[in-house]
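Working notes, structure below.
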Protein chains: 2
Amino acid sequence: MLTIGKLGASAGVKVPTIRYYEQIGLLPEAERSAGNQRLYSRKALDRLAFIRHARDLGFTLEAIRDLLSLSDEPDQSCAAADAIAKAQLAEVESRLVRLTALKAELERMVVQCAGGRIANCRVIEVLGNHSLCTTDHQHPEGDTPA
Amino acid sequence: MLTIGKLGASAGVKVPTIRYYEQIGLLPEAERSAGNQRLYSRKALDRLAFIRHARDLGFTLEAIRDLLSLSDEPDQSCAAADAIAKAQLAEVESRLVRLTALKAELERMVVQCAGGRIANCRVIEVLGNHSLCTTDHQHPEGDTPA
DNA sequence: ATTGAAGCTATAGTAGCTATAGCTATTAGG
DNA sequence: CCTAATAGCTATAGCTACTATAGCTTCAAT
């Protein structure tokens, strides 16, 4: 059995984050020692590593919740899991497109800055006037960064 | 003079967002009509458009605060503005790198899913076992998504 | 026995908004 | 002129996914 600190170190997750996952029901309530400290099994480590890995791939906690309950039913079709992964892929792809446009625009801004006074600064000027942009950039709002 | 609704429509910013920007001091306190409603000048529209554009390019509100105060001093050197833009570009570039790795990994997962039972689902399997990954993906944490 | 690290709970804070409740002001139509 | 719809107002709470803090207890080592 692992203490919460060891568990966190093993899975690469901070201790408060583990408690947070328990609080929101992503991890089951841990067993407790005589002194009321959480104790974790190897199975708990697997589950946490799963969560960590999915987070690294940018899945939301909601998606992870679904993936976890799917993984608890090995006989079910994996179509649902596949759909979640595909949605995440689509999300990442669309973010890549927009980020690429952003990068191009920022590069243009930075390159054009001649290093003079603010009054002539291309950075400030472009920010104040979208029509100076070449691309139709727009940031992806309201979703996870990954 | 524009009402807050017209201003928002002109700049592509929602009304509560404008009030929020005022609240955090990004926009100055608006003049008020006899009936206590906010009234905005053309100058306010320019400022809001600037903010909107910078947000679209992924700048944080903190960075925008700095850019705005720089733009208020036309005689200053634009080195600081340039530095902020360069930092944002670097941020976007590093996010692009990580997102690209994520995309590759997600594609691998999705392609390998044969559409059978969860027990054999590649998606679930890969999530549970990072060593099945080829890339060293890791999501960019704690920053704006754009 | 004592000290330091690690654990506990509960609460608040982070970014950048968005939503809600409950009110008042303005405007268009009849 | 009156009314009803729309737009505005304030204040507060909620969102994601944590992170930080305060003030306490337990544990491991010396």
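Identifiers in the structure tokens: chain A, B, ... in order shown; residue index from 1 per chain; ligand index from 1 in order shown.
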Problem - At most 8 Å to chain D: residues in chain B, only C-alpha atoms (C1' of nucleotides), as an MDAnalysis selection string - result: chainID B and resid 5 36:37
Exercise for the section: Could you please write out, as a VMD selection string, every residue of chain A that DSSP assigns to strand (DSSP E)? Expected result: chain A and resid 31 to 32 38 to 39
Exercise for the section: Measure the distance from CA of Arg38 in chain A to CA of Leu127 in chain B in Å and round it to one decimal. Expected result: 24.9 Å
For chain B versus chain C, which residues have an atom no more than 12 Å away, and what is each residue's nearest atom pair and distance in Å rounded to one decimal, using only C-alpha atoms (C1' of nucleotides), chain-then-number order, as a tab-separated table?
residue	atom	partner	partner_atom	distance
B:Thr3	CA	C:DT26	C1'	11.1
B:Val13	CA	C:DC17	C1'	11.2
B:Lys14	CA	C:DT18	C1'	9.8
B:Val15	CA	C:DT18	C1'	10.6
B:Pro16	CA	C:DT18	C1'	7.9
B:Thr17	CA	C:DC17	C1'	6.7
B:Ile18	CA	C:DC17	C1'	10.3
B:Arg19	CA	C:DC17	C1'	10.8
B:Tyr20	CA	C:DC17	C1'	8.0
B:Tyr21	CA	C:DC17	C1'	9.8
B:Ile24	CA	C:DG16	C1'	11.0
B:Ser33	CA	C:DA25	C1'	10.2
B:Ala34	CA	C:DA25	C1'	9.6
B:Gly35	CA	C:DA25	C1'	6.2
B:Asn36	CA	C:DA25	C1'	8.4
B:Gln37	CA	C:DA25	C1'	8.1
B:Arg38	CA	C:DA25	C1'	11.7
B:Arg55	CA	C:DG16	C1'	10.3
B:Gly58	CA	C:DG16	C1'	11.9
B:Phe59	CA	C:DG16	C1'	11.7
B:Thr60	CA	C:DA15	C1'	8.6
B:Leu61	CA	C:DG16	C1'	8.3
B:Glu62	CA	C:DA15	C1'	10.1
B:Gly142	CA	C:DA15	C1'	8.9
B:Asp143	CA	C:DA15	C1'	8.4
B:Thr144	CA	C:DA15	C1'	8.0
B:Pro145	CA	C:DA15	C1'	10.9
Just to be explicit: take each residue in the selection above, keep N, CA and C atoms, and write the result as a PDB file, in the first residue's frame.
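Printed below is out-v4.pdb as written:
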ATOM      1  N   THR B   3     -24.062  52.926 -26.720  1.00  0.00           N
ATOM      2  CA  THR B   3     -24.434  52.164 -25.530  1.00  0.00           C
ATOM      3  C   THR B   3     -23.517  50.939 -25.458  1.00  0.00           C
ATOM      4  N   VAL B  13     -17.471  41.818 -28.914  1.00  0.00           N
ATOM      5  CA  VAL B  13     -17.226  41.452 -27.522  1.00  0.00           C
ATOM      6  C   VAL B  13     -18.564  41.443 -26.801  1.00  0.00           C
ATOM      7  N   LYS B  14     -18.789  40.448 -25.961  1.00  0.00           N
ATOM      8  CA  LYS B  14     -20.072  40.381 -25.270  1.00  0.00           C
ATOM      9  C   LYS B  14     -20.171  41.444 -24.186  1.00  0.00           C
ATOM     10  N   VAL B  15     -21.387  41.867 -23.946  1.00  0.00           N
ATOM     11  CA  VAL B  15     -21.624  42.932 -22.978  1.00  0.00           C
ATOM     12  C   VAL B  15     -21.034  42.633 -21.594  1.00  0.00           C
ATOM     13  N   PRO B  16     -21.275  41.457 -21.024  1.00  0.00           N
ATOM     14  CA  PRO B  16     -20.710  41.208 -19.691  1.00  0.00           C
ATOM     15  C   PRO B  16     -19.184  41.251 -19.692  1.00  0.00           C
ATOM     16  N   THR B  17     -18.598  40.917 -20.833  1.00  0.00           N
ATOM     17  CA  THR B  17     -17.143  40.948 -20.936  1.00  0.00           C
ATOM     18  C   THR B  17     -16.635  42.384 -20.847  1.00  0.00           C
ATOM     19  N   ILE B  18     -17.354  43.282 -21.466  1.00  0.00           N
ATOM     20  CA  ILE B  18     -16.967  44.696 -21.398  1.00  0.00           C
ATOM     21  C   ILE B  18     -17.025  45.175 -19.946  1.00  0.00           C
ATOM     22  N   ARG B  19     -18.110  44.836 -19.279  1.00  0.00           N
ATOM     23  CA  ARG B  19     -18.216  45.252 -17.873  1.00  0.00           C
ATOM     24  C   ARG B  19     -17.097  44.620 -17.051  1.00  0.00           C
ATOM     25  N   TYR B  20     -16.776  43.386 -17.383  1.00  0.00           N
ATOM     26  CA  TYR B  20     -15.671  42.708 -16.698  1.00  0.00           C
ATOM     27  C   TYR B  20     -14.354  43.440 -16.933  1.00  0.00           C
ATOM     28  N   TYR B  21     -14.085  43.828 -18.156  1.00  0.00           N
ATOM     29  CA  TYR B  21     -12.847  44.558 -18.454  1.00  0.00           C
ATOM     30  C   TYR B  21     -12.791  45.873 -17.682  1.00  0.00           C
ATOM     31  N   ILE B  24     -11.910  45.080 -13.977  1.00  0.00           N
ATOM     32  CA  ILE B  24     -10.503  44.769 -13.681  1.00  0.00           C
ATOM     33  C   ILE B  24      -9.574  45.889 -14.144  1.00  0.00           C
ATOM     34  N   SER B  33     -24.929  57.904 -18.639  1.00  0.00           N
ATOM     35  CA  SER B  33     -26.060  58.729 -19.067  1.00  0.00           C
ATOM     36  C   SER B  33     -26.829  59.182 -17.826  1.00  0.00           C
ATOM     37  N   ALA B  34     -27.845  60.013 -18.054  1.00  0.00           N
ATOM     38  CA  ALA B  34     -28.695  60.460 -16.951  1.00  0.00           C
ATOM     39  C   ALA B  34     -29.273  59.262 -16.210  1.00  0.00           C
ATOM     40  N   GLY B  35     -29.611  58.216 -16.949  1.00  0.00           N
ATOM     41  CA  GLY B  35     -30.183  57.027 -16.348  1.00  0.00           C
ATOM     42  C   GLY B  35     -29.162  56.001 -15.902  1.00  0.00           C
ATOM     43  N   ASN B  36     -27.916  56.426 -15.749  1.00  0.00           N
ATOM     44  CA  ASN B  36     -26.850  55.579 -15.213  1.00  0.00           C
ATOM     45  C   ASN B  36     -26.378  54.481 -16.157  1.00  0.00           C
ATOM     46  N   GLN B  37     -26.616  54.663 -17.429  1.00  0.00           N
ATOM     47  CA  GLN B  37     -26.118  53.655 -18.368  1.00  0.00           C
ATOM     48  C   GLN B  37     -24.792  54.106 -18.960  1.00  0.00           C
ATOM     49  N   ARG B  38     -23.952  53.123 -19.236  1.00  0.00           N
ATOM     50  CA  ARG B  38     -22.616  53.432 -19.749  1.00  0.00           C
ATOM     51  C   ARG B  38     -22.694  53.995 -21.171  1.00  0.00           C
ATOM     52  N   ARG B  55      -6.430  39.543 -27.676  1.00  0.00           N
ATOM     53  CA  ARG B  55      -6.946  38.281 -27.120  1.00  0.00           C
ATOM     54  C   ARG B  55      -7.008  37.211 -28.201  1.00  0.00           C
ATOM     55  N   GLY B  58      -4.000  35.557 -28.626  1.00  0.00           N
ATOM     56  CA  GLY B  58      -3.591  34.722 -27.504  1.00  0.00           C
ATOM     57  C   GLY B  58      -2.878  35.443 -26.378  1.00  0.00           C
ATOM     58  N   PHE B  59      -2.770  36.757 -26.446  1.00  0.00           N
ATOM     59  CA  PHE B  59      -2.137  37.492 -25.355  1.00  0.00           C
ATOM     60  C   PHE B  59      -2.994  37.392 -24.092  1.00  0.00           C
ATOM     61  N   THR B  60      -2.344  37.307 -22.956  1.00  0.00           N
ATOM     62  CA  THR B  60      -3.097  37.305 -21.698  1.00  0.00           C
ATOM     63  C   THR B  60      -3.565  38.723 -21.396  1.00  0.00           C
ATOM     64  N   LEU B  61      -4.524  38.834 -20.508  1.00  0.00           N
ATOM     65  CA  LEU B  61      -4.996  40.157 -20.120  1.00  0.00           C
ATOM     66  C   LEU B  61      -3.857  40.953 -19.482  1.00  0.00           C
ATOM     67  N   GLU B  62      -2.990  40.297 -18.767  1.00  0.00           N
ATOM     68  CA  GLU B  62      -1.843  40.983 -18.174  1.00  0.00           C
ATOM     69  C   GLU B  62      -0.957  41.580 -19.248  1.00  0.00           C
ATOM     70  N   GLY B 142      -1.459  25.448 -17.742  1.00  0.00           N
ATOM     71  CA  GLY B 142      -1.554  26.751 -17.105  1.00  0.00           C
ATOM     72  C   GLY B 142      -1.383  27.958 -18.001  1.00  0.00           C
ATOM     73  N   ASP B 143      -1.777  27.830 -19.262  1.00  0.00           N
ATOM     74  CA  ASP B 143      -1.700  29.028 -20.075  1.00  0.00           C
ATOM     75  C   ASP B 143      -2.911  29.103 -20.985  1.00  0.00           C
ATOM     76  N   THR B 144      -3.030  30.213 -21.618  1.00  0.00           N
ATOM     77  CA  THR B 144      -4.196  30.431 -22.460  1.00  0.00           C
ATOM     78  C   THR B 144      -4.151  29.526 -23.688  1.00  0.00           C
ATOM     79  N   PRO B 145      -5.289  29.057 -24.081  1.00  0.00           N
ATOM     80  CA  PRO B 145      -5.380  28.073 -25.135  1.00  0.00           C
ATOM     81  C   PRO B 145      -4.962  28.573 -26.518  1.00  0.00           C
TER      82      PRO B 145
END
Exercise for the section: Quote the spacing between CA of Ile124 in chain B and CA of Leu70 in chain A in Å to one decimal place. Expected result: 8.4 Å
Handout entry: Residue list (alpha helix (DSSP H), DSSP) for range 10-42 of chain B, as a ChimeraX atom specification
Key = /B:10-11,15-23,42
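Every protein, DNA or RNA residue with an atom at most 7 Å from Pro74 in chain B, where only C-alpha atoms (C1' of nucleotides) count and chain neighbours fewer than 3 positions away do not, is listed here: Arg117, Ile118 and Ala119 of chain A; Ser71 of chain B.
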Exercise for the section: Quick one: pull the distance between CA of Asp56 in chain A and CA of Gln138 in chain B, Å, one decimal. Expected result: 5.0 Å
Handout entry: Residue among A:Leu57, A:Val111, A:Ile64, A:Leu132 lying closest to chain B, counting only C-alpha atoms
Key =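 The shortest atom-to-atom distance to chain B comes from A:Leu57.
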Exercise for the section: Using only C-alpha atoms (C1' of nucleotides), determine which residues lie at most 9 Å from Ile84 in chain A, disregarding the query and same-chain residues fewer than 5 positions distant; provide the list as a list of chain:residue names. Expected result: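 The residues that qualify are A:Phe59, A:Ala63, A:Asp66, A:Leu67, A:Ala79, A:Leu89.
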Exercise for the section: Within 10 Å of Gly12 in chain B, counting only C-alpha atoms (C1' of nucleotides), which residues show up once you throw out same-chain ones fewer than 2 positions away? Write them as a list in words, please. Expected result: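 Residues meeting the cut-off are Lys6, Leu7, Gly8, Ala9, Ser10, Lys14, Val15, Leu48, Ala49, Arg52 and His53 of chain B.
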